[in-house]
>>> print(open('start_39.cif').read())   # mmCIF, C-alpha atoms
data_input
loop_
_atom_site.group_PDB
_atom_site.id
_atom_site.type_symbol
_atom_site.label_atom_id
_atom_site.label_comp_id
_atom_site.auth_asym_id
_atom_site.auth_seq_id
_atom_site.Cartn_x
_atom_site.Cartn_y
_atom_site.Cartn_z
ATOM 1 C CA MET A 1029 0.000 0.000 0.000
ATOM 2 C CA GLU A 1030 2.735 2.453 0.961
ATOM 3 C CA ARG A 1031 4.702 1.429 -2.087
ATOM 4 C CA GLU A 1032 1.728 2.293 -4.247
ATOM 5 C CA ILE A 1033 1.459 5.674 -2.510
ATOM 6 C CA PHE A 1034 5.170 6.532 -3.052
ATOM 7 C CA ILE A 1035 4.877 5.727 -6.713
ATOM 8 C CA LYS A 1036 1.741 7.781 -7.056
ATOM 9 C CA MET A 1037 3.342 10.775 -5.311
ATOM 10 C CA THR A 1038 6.367 10.609 -7.591
ATOM 11 C CA LEU A 1039 4.439 10.160 -10.817
ATOM 12 C CA ASN A 1040 1.929 12.861 -9.847
ATOM 13 C CA ALA A 1041 4.776 15.353 -9.415
ATOM 14 C CA TRP A 1042 6.315 14.288 -12.739
ATOM 15 C CA ASN A 1043 3.026 14.520 -14.626
ATOM 16 C CA SER A 1044 2.183 17.845 -13.057
ATOM 17 C CA ALA A 1045 5.499 19.367 -14.171
ATOM 18 C CA LEU A 1046 5.046 17.914 -17.667
ATOM 19 C CA SER A 1047 1.533 19.345 -17.953
ATOM 20 C CA GLN A 1048 2.694 22.754 -16.847
ATOM 21 C CA THR A 1049 5.528 22.635 -19.371
ATOM 22 C CA ASP A 1050 3.188 21.552 -22.168
ATOM 23 C CA LYS A 1051 0.872 24.426 -21.301
ATOM 24 C CA VAL A 1052 3.699 26.995 -21.404
ATOM 25 C CA LEU A 1053 5.020 25.580 -24.684
ATOM 26 C CA ALA A 1054 1.540 25.775 -26.213
ATOM 27 C CA GLU A 1055 1.215 29.385 -25.124
ATOM 28 C CA LEU A 1056 4.603 30.443 -26.500
ATOM 29 C CA SER A 1057 4.879 31.265 -30.189
ATOM 30 C CA ASP A 1058 7.933 30.110 -32.113
ATOM 31 C CA VAL A 1059 9.123 33.720 -32.087
ATOM 32 C CA GLN A 1060 8.878 33.892 -28.289
ATOM 33 C CA LEU A 1061 10.574 30.536 -27.934
ATOM 34 C CA ASN A 1062 13.525 31.799 -29.967
ATOM 35 C CA LYS A 1063 14.164 34.619 -27.491
ATOM 36 C CA GLU A 1064 16.611 34.544 -24.591
ATOM 37 C CA ILE A 1065 15.015 33.847 -21.208
ATOM 38 C CA ALA A 1066 17.080 36.759 -19.829
ATOM 39 C CA PRO A 1067 19.682 38.967 -21.517
ATOM 40 C CA GLY A 1068 22.678 36.854 -22.611
ATOM 41 C CA ARG A 1069 21.155 33.602 -21.309
ATOM 42 C CA ASN A 1070 19.837 30.471 -23.022
ATOM 43 C CA ARG A 1071 17.041 30.788 -25.519
ATOM 44 C CA GLY A 1072 13.724 29.040 -24.946
ATOM 45 C CA ILE A 1073 14.422 26.876 -27.962
ATOM 46 C CA TYR A 1074 17.659 25.663 -26.380
ATOM 47 C CA LEU A 1075 15.813 24.729 -23.186
ATOM 48 C CA LEU A 1076 13.220 22.853 -25.244
ATOM 49 C CA GLY A 1077 15.958 20.879 -27.022
ATOM 50 C CA HIS A 1078 17.751 20.327 -23.716
ATOM 51 C CA LEU A 1079 14.641 18.991 -21.981
ATOM 52 C CA ALA A 1080 13.765 16.758 -24.945
ATOM 53 C CA ALA A 1081 17.313 15.334 -25.000
ATOM 54 C CA VAL A 1082 17.524 14.820 -21.216
ATOM 55 C CA HIS A 1083 14.127 13.122 -21.095
ATOM 56 C CA ASP A 1084 15.016 11.016 -24.120
ATOM 57 C CA GLY A 1085 18.047 9.850 -22.140
ATOM 58 C CA MET A 1086 15.723 8.554 -19.404
ATOM 59 C CA SER A 1087 14.701 5.649 -21.660
ATOM 60 C CA ALA A 1088 18.120 4.063 -21.340
ATOM 61 C CA LEU A 1089 18.276 4.655 -17.560
ATOM 62 C CA LEU A 1090 14.837 3.171 -17.016
ATOM 63 C CA GLY A 1091 15.281 0.261 -19.397
ATOM 64 C CA PHE A 1092 12.809 1.568 -21.981
ATOM 65 C CA GLY A 1093 15.175 1.029 -24.905
ATOM 66 C CA ASP A 1094 17.217 3.273 -27.150
ATOM 67 C CA PRO A 1095 16.646 7.031 -27.317
ATOM 68 C CA LEU A 1096 14.306 8.236 -30.049
ATOM 69 C CA PHE A 1097 16.435 11.265 -30.922
ATOM 70 C CA PRO A 1098 20.083 10.418 -30.234
ATOM 71 C CA HIS A 1099 21.257 13.271 -32.474
ATOM 72 C CA LEU A 1100 19.888 15.800 -29.958
ATOM 73 C CA ARG A 1101 22.218 14.611 -27.244
ATOM 74 C CA ASP A 1102 25.459 16.259 -28.326
ATOM 75 C CA PRO A 1103 24.065 19.689 -29.147
ATOM 76 C CA PHE A 1104 21.592 20.000 -26.282
ATOM 77 C CA ILE A 1105 23.402 18.284 -23.448
ATOM 78 C CA ARG A 1106 27.050 18.815 -24.247
ATOM 79 C CA THR A 1107 27.072 22.115 -26.127
ATOM 80 C CA PRO A 1108 26.128 25.616 -24.916
ATOM 81 C CA ASP A 1109 23.289 27.415 -26.712
ATOM 82 C CA LYS A 1110 25.378 29.887 -28.681
ATOM 83 C CA GLU A 1111 27.850 27.270 -29.936
ATOM 84 C CA ILE A 1112 25.411 24.941 -31.675
ATOM 85 C CA VAL A 1113 26.012 25.054 -35.417
ATOM 86 C CA ASP A 1114 23.216 23.135 -37.144
ATOM 87 C CA TRP A 1115 19.979 24.000 -35.387
ATOM 88 C CA PRO A 1116 16.981 21.713 -35.734
ATOM 89 C CA SER A 1117 13.843 23.680 -36.597
ATOM 90 C CA THR A 1118 11.588 24.830 -33.773
ATOM 91 C CA GLN A 1119 8.857 22.576 -35.134
ATOM 92 C CA GLU A 1120 11.192 19.587 -35.082
ATOM 93 C CA LEU A 1121 12.080 20.258 -31.444
ATOM 94 C CA ARG A 1122 8.444 20.682 -30.449
ATOM 95 C CA GLU A 1123 7.664 17.320 -32.060
ATOM 96 C CA ALA A 1124 10.644 15.633 -30.443
ATOM 97 C CA TRP A 1125 9.474 16.872 -27.028
ATOM 98 C CA GLU A 1126 5.987 15.491 -27.599
ATOM 99 C CA LYS A 1127 7.187 12.139 -28.896
ATOM 100 C CA VAL A 1128 9.621 11.679 -26.018
ATOM 101 C CA SER A 1129 6.880 12.523 -23.483
ATOM 102 C CA ALA A 1130 4.473 10.066 -25.100
ATOM 103 C CA HIS A 1131 7.140 7.349 -25.271
ATOM 104 C CA LEU A 1132 7.993 7.729 -21.583
ATOM 105 C CA ALA A 1133 4.325 7.822 -20.571
ATOM 106 C CA LYS A 1134 3.602 4.603 -22.448
ATOM 107 C CA HIS A 1135 6.522 2.754 -20.878
ATOM 108 C CA MET A 1136 6.058 4.204 -17.394
ATOM 109 C CA ALA A 1137 2.472 2.988 -17.341
ATOM 110 C CA ALA A 1138 3.743 -0.560 -17.887
ATOM 111 C CA VAL A 1139 6.338 -0.544 -15.069
ATOM 112 C CA GLN A 1140 5.308 -2.889 -12.270
ATOM 113 C CA GLU A 1141 5.289 -1.507 -8.738
ATOM 114 C CA ASP A 1142 8.302 -3.473 -7.538
ATOM 115 C CA GLU A 1143 10.320 -2.622 -10.648
ATOM 116 C CA TRP A 1144 10.360 1.054 -9.685
ATOM 117 C CA PHE A 1145 12.589 0.104 -6.769
ATOM 118 C CA ASN A 1146 15.044 -1.795 -8.953
ATOM 119 C CA LYS A 1147 18.338 -0.132 -9.769
ATOM 120 C CA HIS A 1148 18.537 2.082 -12.798
ATOM 121 C CA THR A 1149 20.775 0.817 -15.572
ATOM 122 C CA VAL A 1150 23.843 2.963 -14.838
ATOM 123 C CA VAL A 1151 24.356 1.777 -11.240
ATOM 124 C CA SER A 1152 26.452 -1.341 -10.648
ATOM 125 C CA ASP A 1153 25.022 -4.178 -8.557
ATOM 126 C CA GLU A 1154 27.622 -3.500 -5.915
ATOM 127 C CA ASP A 1155 26.885 0.217 -5.653
ATOM 128 C CA PHE A 1156 23.181 -0.484 -5.575
ATOM 129 C CA ARG A 1157 23.554 -2.763 -2.571
ATOM 130 C CA LYS A 1158 25.160 0.133 -0.714
ATOM 131 C CA GLU A 1159 22.892 2.834 -2.149
ATOM 132 C CA PRO A 1160 19.448 1.329 -2.725
ATOM 133 C CA HIS A 1161 17.898 4.752 -3.326
ATOM 134 C CA ARG A 1162 19.584 4.816 -6.746
ATOM 135 C CA ASN A 1163 16.540 3.163 -8.234
ATOM 136 C CA LYS A 1164 14.294 3.918 -11.194
ATOM 137 C CA LEU A 1165 11.884 5.996 -9.147
ATOM 138 C CA ASN A 1166 14.768 8.229 -8.117
ATOM 139 C CA VAL A 1167 15.510 8.945 -11.773
ATOM 140 C CA VAL A 1168 11.966 10.289 -12.096
ATOM 141 C CA ILE A 1169 12.319 12.376 -8.919
ATOM 142 C CA ASN A 1170 15.564 13.930 -10.150
ATOM 143 C CA ARG A 1171 14.260 14.647 -13.621
ATOM 144 C CA THR A 1172 11.094 16.209 -12.189
ATOM 145 C CA ASN A 1173 13.218 18.638 -10.213
ATOM 146 C CA HIS A 1174 15.349 19.346 -13.276
ATOM 147 C CA LEU A 1175 12.215 20.008 -15.322
ATOM 148 C CA ASN A 1176 10.835 22.413 -12.722
ATOM 149 C CA TYR A 1177 14.147 24.277 -12.679
ATOM 150 C CA HIS A 1178 13.899 24.965 -16.401
ATOM 151 C CA LEU A 1179 10.134 25.488 -16.315
ATOM 152 C CA GLY A 1180 10.780 28.460 -14.001
ATOM 153 C CA GLN A 1181 12.955 29.842 -16.812
ATOM 154 C CA LEU A 1182 10.677 29.051 -19.765
ATOM 155 C CA ILE A 1183 7.806 30.871 -18.070
ATOM 156 C CA LEU A 1184 9.804 34.107 -18.321
ATOM 157 C CA LEU A 1185 9.236 34.095 -22.082
ATOM 158 C CA LYS A 1186 5.497 34.567 -21.648
ATOM 159 C CA SER A 1187 4.371 38.079 -22.442
ATOM 160 C CA MET B 1042 13.045 -0.905 4.010
ATOM 161 C CA GLU B 1043 11.298 0.583 0.982
ATOM 162 C CA ARG B 1044 9.737 3.164 3.230
ATOM 163 C CA GLU B 1045 13.158 4.163 4.495
ATOM 164 C CA ILE B 1046 14.501 4.350 0.944
ATOM 165 C CA PHE B 1047 11.654 6.484 -0.257
ATOM 166 C CA ILE B 1048 12.027 8.933 2.638
ATOM 167 C CA LYS B 1049 15.748 9.140 1.905
ATOM 168 C CA MET B 1050 15.093 9.844 -1.785
ATOM 169 C CA THR B 1051 12.651 12.612 -0.923
ATOM 170 C CA LEU B 1052 14.829 14.248 1.715
ATOM 171 C CA ASN B 1053 17.938 13.954 -0.492
ATOM 172 C CA ALA B 1054 16.155 15.870 -3.244
ATOM 173 C CA TRP B 1055 14.977 18.512 -0.759
ATOM 174 C CA ASN B 1056 18.424 18.936 0.793
ATOM 175 C CA SER B 1057 20.091 19.056 -2.593
ATOM 176 C CA ALA B 1058 17.823 21.888 -3.764
ATOM 177 C CA LEU B 1059 18.368 23.751 -0.475
ATOM 178 C CA SER B 1060 22.155 23.423 -0.774
ATOM 179 C CA GLN B 1061 22.121 24.668 -4.332
ATOM 180 C CA THR B 1062 19.960 27.619 -3.301
ATOM 181 C CA ASP B 1063 22.230 28.454 -0.368
ATOM 182 C CA LYS B 1064 25.211 28.355 -2.713
ATOM 183 C CA VAL B 1065 23.593 30.741 -5.203
ATOM 184 C CA LEU B 1066 22.502 33.091 -2.422
ATOM 185 C CA ALA B 1067 26.031 33.153 -1.013
ATOM 186 C CA GLU B 1068 27.429 33.967 -4.438
ATOM 187 C CA LEU B 1069 24.981 36.798 -5.125
ATOM 188 C CA SER B 1070 25.728 40.217 -3.664
ATOM 189 C CA ASP B 1071 22.879 42.264 -2.210
ATOM 190 C CA VAL B 1072 23.104 44.474 -5.298
ATOM 191 C CA GLN B 1073 22.665 41.477 -7.617
ATOM 192 C CA LEU B 1074 19.828 40.136 -5.490
ATOM 193 C CA ASN B 1075 17.980 43.418 -5.866
ATOM 194 C CA LYS B 1076 17.956 43.101 -9.667
ATOM 195 C CA GLU B 1077 15.144 41.658 -11.748
ATOM 196 C CA ILE B 1078 15.694 38.061 -12.878
ATOM 197 C CA ALA B 1079 14.599 39.167 -16.372
ATOM 198 C CA PRO B 1080 13.343 42.532 -17.623
ATOM 199 C CA GLY B 1081 10.059 43.422 -15.892
ATOM 200 C CA ARG B 1082 10.039 40.231 -13.793
ATOM 201 C CA ASN B 1083 10.425 39.553 -10.073
ATOM 202 C CA ARG B 1084 13.578 40.673 -8.330
ATOM 203 C CA GLY B 1085 15.853 38.160 -6.663
ATOM 204 C CA ILE B 1086 15.005 39.716 -3.321
ATOM 205 C CA TYR B 1087 11.327 39.026 -3.906
ATOM 206 C CA LEU B 1088 12.047 35.381 -4.678
ATOM 207 C CA LEU B 1089 14.133 35.136 -1.515
ATOM 208 C CA GLY B 1090 11.254 36.541 0.571
ATOM 209 C CA HIS B 1091 8.802 34.304 -1.267
ATOM 210 C CA LEU B 1092 10.830 31.151 -0.636
ATOM 211 C CA ALA B 1093 11.389 32.062 3.020
ATOM 212 C CA ALA B 1094 7.640 32.673 3.492
ATOM 213 C CA VAL B 1095 6.551 29.515 1.663
ATOM 214 C CA HIS B 1096 9.010 27.340 3.571
ATOM 215 C CA ASP B 1097 8.011 29.005 6.839
ATOM 216 C CA GLY B 1098 4.463 27.953 6.009
ATOM 217 C CA MET B 1099 5.579 24.316 5.870
ATOM 218 C CA SER B 1100 5.900 24.271 9.675
ATOM 219 C CA ALA B 1101 2.136 24.471 10.087
ATOM 220 C CA LEU B 1102 1.495 21.844 7.378
ATOM 221 C CA LEU B 1103 4.000 19.436 8.885
ATOM 222 C CA GLY B 1104 2.980 20.012 12.497
ATOM 223 C CA PHE B 1105 6.213 21.811 13.442
ATOM 224 C CA GLY B 1106 4.403 24.697 15.119
ATOM 225 C CA ASP B 1107 3.787 28.338 14.278
ATOM 226 C CA PRO B 1108 5.694 30.125 11.519
ATOM 227 C CA LEU B 1109 8.769 32.039 12.631
ATOM 228 C CA PHE B 1110 8.094 35.008 10.344
ATOM 229 C CA PRO B 1111 4.319 35.351 9.907
ATOM 230 C CA HIS B 1112 4.711 38.978 8.735
ATOM 231 C CA LEU B 1113 6.401 37.749 5.533
ATOM 232 C CA ARG B 1114 3.329 35.857 4.437
ATOM 233 C CA ASP B 1115 1.172 38.703 3.156
ATOM 234 C CA PRO B 1116 3.846 40.548 1.198
ATOM 235 C CA PHE B 1117 5.671 37.557 -0.254
ATOM 236 C CA ILE B 1118 2.857 35.114 -0.899
ATOM 237 C CA ARG B 1119 -0.146 37.331 -1.555
ATOM 238 C CA THR B 1120 1.396 40.459 -3.058
ATOM 239 C CA PRO B 1121 3.300 40.893 -6.335
ATOM 240 C CA ASP B 1122 6.873 42.202 -6.157
ATOM 241 C CA LYS B 1123 6.242 45.720 -7.369
ATOM 242 C CA GLU B 1124 3.276 46.309 -5.034
ATOM 243 C CA ILE B 1125 4.992 45.629 -1.724
ATOM 244 C CA VAL B 1126 5.191 48.845 0.265
ATOM 245 C CA ASP B 1127 7.380 48.262 3.326
ATOM 246 C CA TRP B 1128 10.313 46.143 2.236
ATOM 247 C CA PRO B 1129 12.295 44.197 4.803
ATOM 248 C CA SER B 1130 16.034 44.716 4.363
ATOM 249 C CA THR B 1131 17.959 42.264 2.230
ATOM 250 C CA GLN B 1132 19.897 41.221 5.316
ATOM 251 C CA GLU B 1133 16.674 40.527 7.206
ATOM 252 C CA LEU B 1134 15.423 38.314 4.381
ATOM 253 C CA ARG B 1135 18.701 36.425 4.148
ATOM 254 C CA GLU B 1136 18.515 35.762 7.895
ATOM 255 C CA ALA B 1137 14.864 34.712 7.709
ATOM 256 C CA TRP B 1138 15.729 32.217 4.957
ATOM 257 C CA GLU B 1139 18.536 30.717 7.044
ATOM 258 C CA LYS B 1140 16.473 30.509 10.214
ATOM 259 C CA VAL B 1141 13.541 28.885 8.437
ATOM 260 C CA SER B 1142 15.857 26.323 6.807
ATOM 261 C CA ALA B 1143 17.482 25.507 10.155
ATOM 262 C CA HIS B 1144 14.102 25.254 11.891
ATOM 263 C CA LEU B 1145 12.761 22.840 9.273
ATOM 264 C CA ALA B 1146 15.948 20.760 9.300
ATOM 265 C CA LYS B 1147 15.808 20.368 13.073
ATOM 266 C CA HIS B 1148 12.170 19.262 13.054
ATOM 267 C CA MET B 1149 12.455 17.071 9.948
ATOM 268 C CA ALA B 1150 15.288 15.133 11.570
ATOM 269 C CA ALA B 1151 12.945 14.236 14.429
ATOM 270 C CA VAL B 1152 10.055 12.952 12.270
ATOM 271 C CA GLN B 1153 9.614 9.206 12.661
ATOM 272 C CA GLU B 1154 9.427 7.112 9.488
ATOM 273 C CA ASP B 1155 5.739 6.284 9.807
ATOM 274 C CA GLU B 1156 4.825 9.895 10.612
ATOM 275 C CA TRP B 1157 5.918 11.004 7.151
ATOM 276 C CA PHE B 1158 2.977 9.033 5.799
ATOM 277 C CA ASN B 1159 0.472 10.717 8.086
ATOM 278 C CA LYS B 1160 -1.772 13.331 6.590
ATOM 279 C CA HIS B 1161 -0.574 16.907 6.555
ATOM 280 C CA THR B 1162 -2.565 19.273 8.734
ATOM 281 C CA VAL B 1163 -4.726 20.843 6.031
ATOM 282 C CA VAL B 1164 -6.296 17.597 4.751
ATOM 283 C CA SER B 1165 -9.458 16.341 6.441
ATOM 284 C CA ASP B 1166 -9.577 12.757 7.751
ATOM 285 C CA GLU B 1167 -12.180 11.946 5.161
ATOM 286 C CA ASP B 1168 -10.201 13.309 2.220
ATOM 287 C CA PHE B 1169 -7.086 11.573 3.463
ATOM 288 C CA ARG B 1170 -8.817 8.199 3.443
ATOM 289 C CA LYS B 1171 -9.573 8.731 -0.239
ATOM 290 C CA GLU B 1172 -6.255 10.389 -1.095
ATOM 291 C CA PRO B 1173 -3.558 8.854 1.109
ATOM 292 C CA HIS B 1174 -0.793 10.459 -0.935
ATOM 293 C CA ARG B 1175 -1.671 13.820 0.664
ATOM 294 C CA ASN B 1176 0.785 13.087 3.445
ATOM 295 C CA LYS B 1177 3.640 15.026 5.017
ATOM 296 C CA LEU B 1178 6.217 13.609 2.646
ATOM 297 C CA ASN B 1179 4.194 14.892 -0.278
ATOM 298 C CA VAL B 1180 4.465 18.419 1.134
ATOM 299 C CA VAL B 1181 8.245 18.065 0.953
ATOM 300 C CA ILE B 1182 8.067 16.729 -2.627
ATOM 301 C CA ASN B 1183 5.915 19.633 -3.745
ATOM 302 C CA ARG B 1184 8.019 22.269 -2.029
ATOM 303 C CA THR B 1185 11.198 20.764 -3.500
ATOM 304 C CA ASN B 1186 9.755 21.182 -6.968
ATOM 305 C CA HIS B 1187 8.651 24.718 -6.144
ATOM 306 C CA LEU B 1188 12.141 25.538 -4.867
ATOM 307 C CA ASN B 1189 13.768 24.174 -8.030
ATOM 308 C CA TYR B 1190 11.412 26.257 -10.144
ATOM 309 C CA HIS B 1191 12.594 29.460 -8.465
ATOM 310 C CA LEU B 1192 16.209 28.289 -8.220
ATOM 311 C CA GLY B 1193 16.241 28.177 -12.034
ATOM 312 C CA GLN B 1194 15.296 31.865 -11.894
ATOM 313 C CA LEU B 1195 17.657 32.980 -9.118
ATOM 314 C CA ILE B 1196 20.600 31.517 -10.988
ATOM 315 C CA LEU B 1197 19.995 34.051 -13.778
ATOM 316 C CA LEU B 1198 21.227 36.803 -11.460
ATOM 317 C CA LYS B 1199 24.731 35.352 -11.389
ATOM 318 C CA SER B 1200 27.185 37.334 -13.457
#
>>> encode(input="start_39.cif", output="structure tokens")
Amino acid sequence: MEREIFIKMTLNAWNSALSQTDKVLAELSDVQLNKEIAPGRNRGIYLLGHLAAVHDGMSALLGFGDPLFPHLRDPFIRTPDKEIVDWPSTQELREAWEKVSAHLAKHMAAVQEDEWFNKHTVVSDEDFRKEPHRNKLNVVINRTNHLNYHLGQLILLKS
Amino acid sequence: MEREIFIKMTLNAWNSALSQTDKVLAELSDVQLNKEIAPGRNRGIYLLGHLAAVHDGMSALLGFGDPLFPHLRDPFIRTPDKEIVDWPSTQELREAWEKVSAHLAKHMAAVQEDEWFNKHTVVSDEDFRKEPHRNKLNVVINRTNHLNYHLGQLILLKS
């Protein structure tokens, strides 16, 4: 029973942050999304690519298979905004975000309760014995906090 | 065991966001903190007062007693930045933030494992039977996400 409650609390927080992000993205025009969130800082479009790439990387951690958009990883995780050379279109990034969200939602719905407490794929068996909180549910908790961090920035683009 | 792990995951995320916020606040001068996070948006000092007031409000929800700084509630939760009339000094807000964090840490450390799954004080017994995830731990999860949201904004003040 408590296990079910933990999982619900974690997934509620994740889904709430995703819904809020979807709402902000729907409200922002492509022009707004191409602006800097503050003078000299990342553009909204960079944050969108960054969030899509980071969430796409969750598939591997959670055992959901290969990323859908591996080509987003280098530019949006390893490269700063102003140094990216070949930019995907805004439309392409919006679609990537939606597809990644749908992919994760489909797979998350199929995770059994006890599986959420299994180790995520990057932790060794030995480390996991010592640090049992490094489980799949913890990946969701961390990414929810990461999403909220950038959501607080994306919202600044709203007029 | 799972209960212990889940509490650890939740408190780790909370403490991590608090540490990151403390670090940013220590790096920002009072002059930087008095700037807007983006043109026309909240100032850093408003976010600091807001976070101190919201976290101070957690004491009542978690059963830790009265807020330490009840006078911060109206200006920093119910009033927009530019409409606050009598501003506390930046130093006063920095101290309030630190005292609230210390107060919560002291009380959180004394919460027994099973107590974290008790209802928070604003939920009725009847609602809690239907929605058992509205417990004390969930308050911490929600406030961690809220803190990360504003941390993503405060960081923009760094030069």
>>> resolve_selection(input="start_39.cif", expression="the PyMOL selection byres ((chain A and resi 1032) around 12)", output="compact mmCIF listing (two decimals) with C-alpha atoms, keeping the file's coordinate frame")
# COMPACT_ATOMS: atom_id res chain seq x y z
CA MET A 1029 0.00 0.00 0.00
CA GLU A 1030 2.74 2.45 0.96
CA ARG A 1031 4.70 1.43 -2.09
CA ILE A 1033 1.46 5.67 -2.51
CA PHE A 1034 5.17 6.53 -3.05
CA ILE A 1035 4.88 5.73 -6.71
CA LYS A 1036 1.74 7.78 -7.06
CA MET A 1037 3.34 10.78 -5.31
CA THR A 1038 6.37 10.61 -7.59
CA LEU A 1039 4.44 10.16 -10.82
CA ASN A 1040 1.93 12.86 -9.85
CA GLN A 1140 5.31 -2.89 -12.27
CA GLU A 1141 5.29 -1.51 -8.74
CA ASP A 1142 8.30 -3.47 -7.54
CA GLU A 1143 10.32 -2.62 -10.65
CA TRP A 1144 10.36 1.05 -9.68
CA PHE A 1145 12.59 0.10 -6.77
CA LEU A 1165 11.88 6.00 -9.15
CA GLU B 1043 11.30 0.58 0.98
CA ARG B 1044 9.74 3.16 3.23
CA PHE B 1047 11.65 6.48 -0.26
CA GLU B 1172 -6.26 10.39 -1.10
CA PRO B 1173 -3.56 8.85 1.11
CA HIS B 1174 -0.79 10.46 -0.94
>>> closest_atom_pairs(input="start_39.cif", of="chain A", to="chain B", cutoff="6 Å", atoms="all atoms listed in the file", output="CSV")
residue,atom,partner,partner_atom,distance
A:Ile1033,CA,B:His1174,CA,5.5
A:Ala1066,CA,B:Ala1079,CA,4.9
A:His1161,CA,B:Ile1046,CA,5.5
A:Asn1173,CA,B:Asn1186,CA,5.4
A:Asn1176,CA,B:Tyr1190,CA,4.7
A:Tyr1177,CA,B:Tyr1190,CA,4.2
A:His1178,CA,B:Gly1193,CA,5.9
A:Gly1180,CA,B:Tyr1190,CA,4.5
A:Gln1181,CA,B:Gln1194,CA,5.8
>>> write_last_selection(input="start_39.cif", atoms="C-alpha atoms", output="PDB file, keeping the file's coordinate frame")
ATOM      1  CA  ILE A1033       1.459   5.674  -2.510  1.00  0.00           C
ATOM      2  CA  ALA A1066      17.080  36.759 -19.829  1.00  0.00           C
ATOM      3  CA  HIS A1161      17.898   4.752  -3.326  1.00  0.00           C
ATOM      4  CA  ASN A1173      13.218  18.638 -10.213  1.00  0.00           C
ATOM      5  CA  ASN A1176      10.835  22.413 -12.722  1.00  0.00           C
ATOM      6  CA  TYR A1177      14.147  24.277 -12.679  1.00  0.00           C
ATOM      7  CA  HIS A1178      13.899  24.965 -16.401  1.00  0.00           C
ATOM      8  CA  GLY A1180      10.780  28.460 -14.001  1.00  0.00           C
ATOM      9  CA  GLN A1181      12.955  29.842 -16.812  1.00  0.00           C
TER      10      GLN A1181
END
>>> resolve_selection(input="start_39.cif", expression="the PyMOL selection byres ((chain B and resi 1103-1110) around 12)", output="ChimeraX atom specification")
/B:1090-1102,1111-1117,1129,1133-1134,1136-1152,1156-1164,1175-1181,1184
>>> axis_aligned_box(input="start_39.cif", around="stretch 1067-1073 of chain B", padding_each_side="8 Å", output="AutoDock Vina command-line options")
--center_x 25.0 --center_y 38.8 --center_z -4.3 --size_x 20.8 --size_y 27.3 --size_z 22.6
>>> atom_distance(input="start_39.cif", atom1="atom CA of A:Val1052", atom2="atom CA of B:Thr1062")
24.3 Å
>>> closest_residue(input="start_39.cif", among="A:Gly1072, A:Lys1051, A:Arg1122, A:Asp1058", to="A:Asp1109", atoms="only C-alpha atoms")
A:Gly1072
>>> atom_distance(input="start_39.cif", atom1="atom CA of A:Val1113", atom2="atom CA of A:Ile1073")
13.9 Å
>>> atom_distance(input="start_39.cif", atom1="atom CA of B:Gln1061", atom2="atom CA of B:Ser1200")
16.4 Å
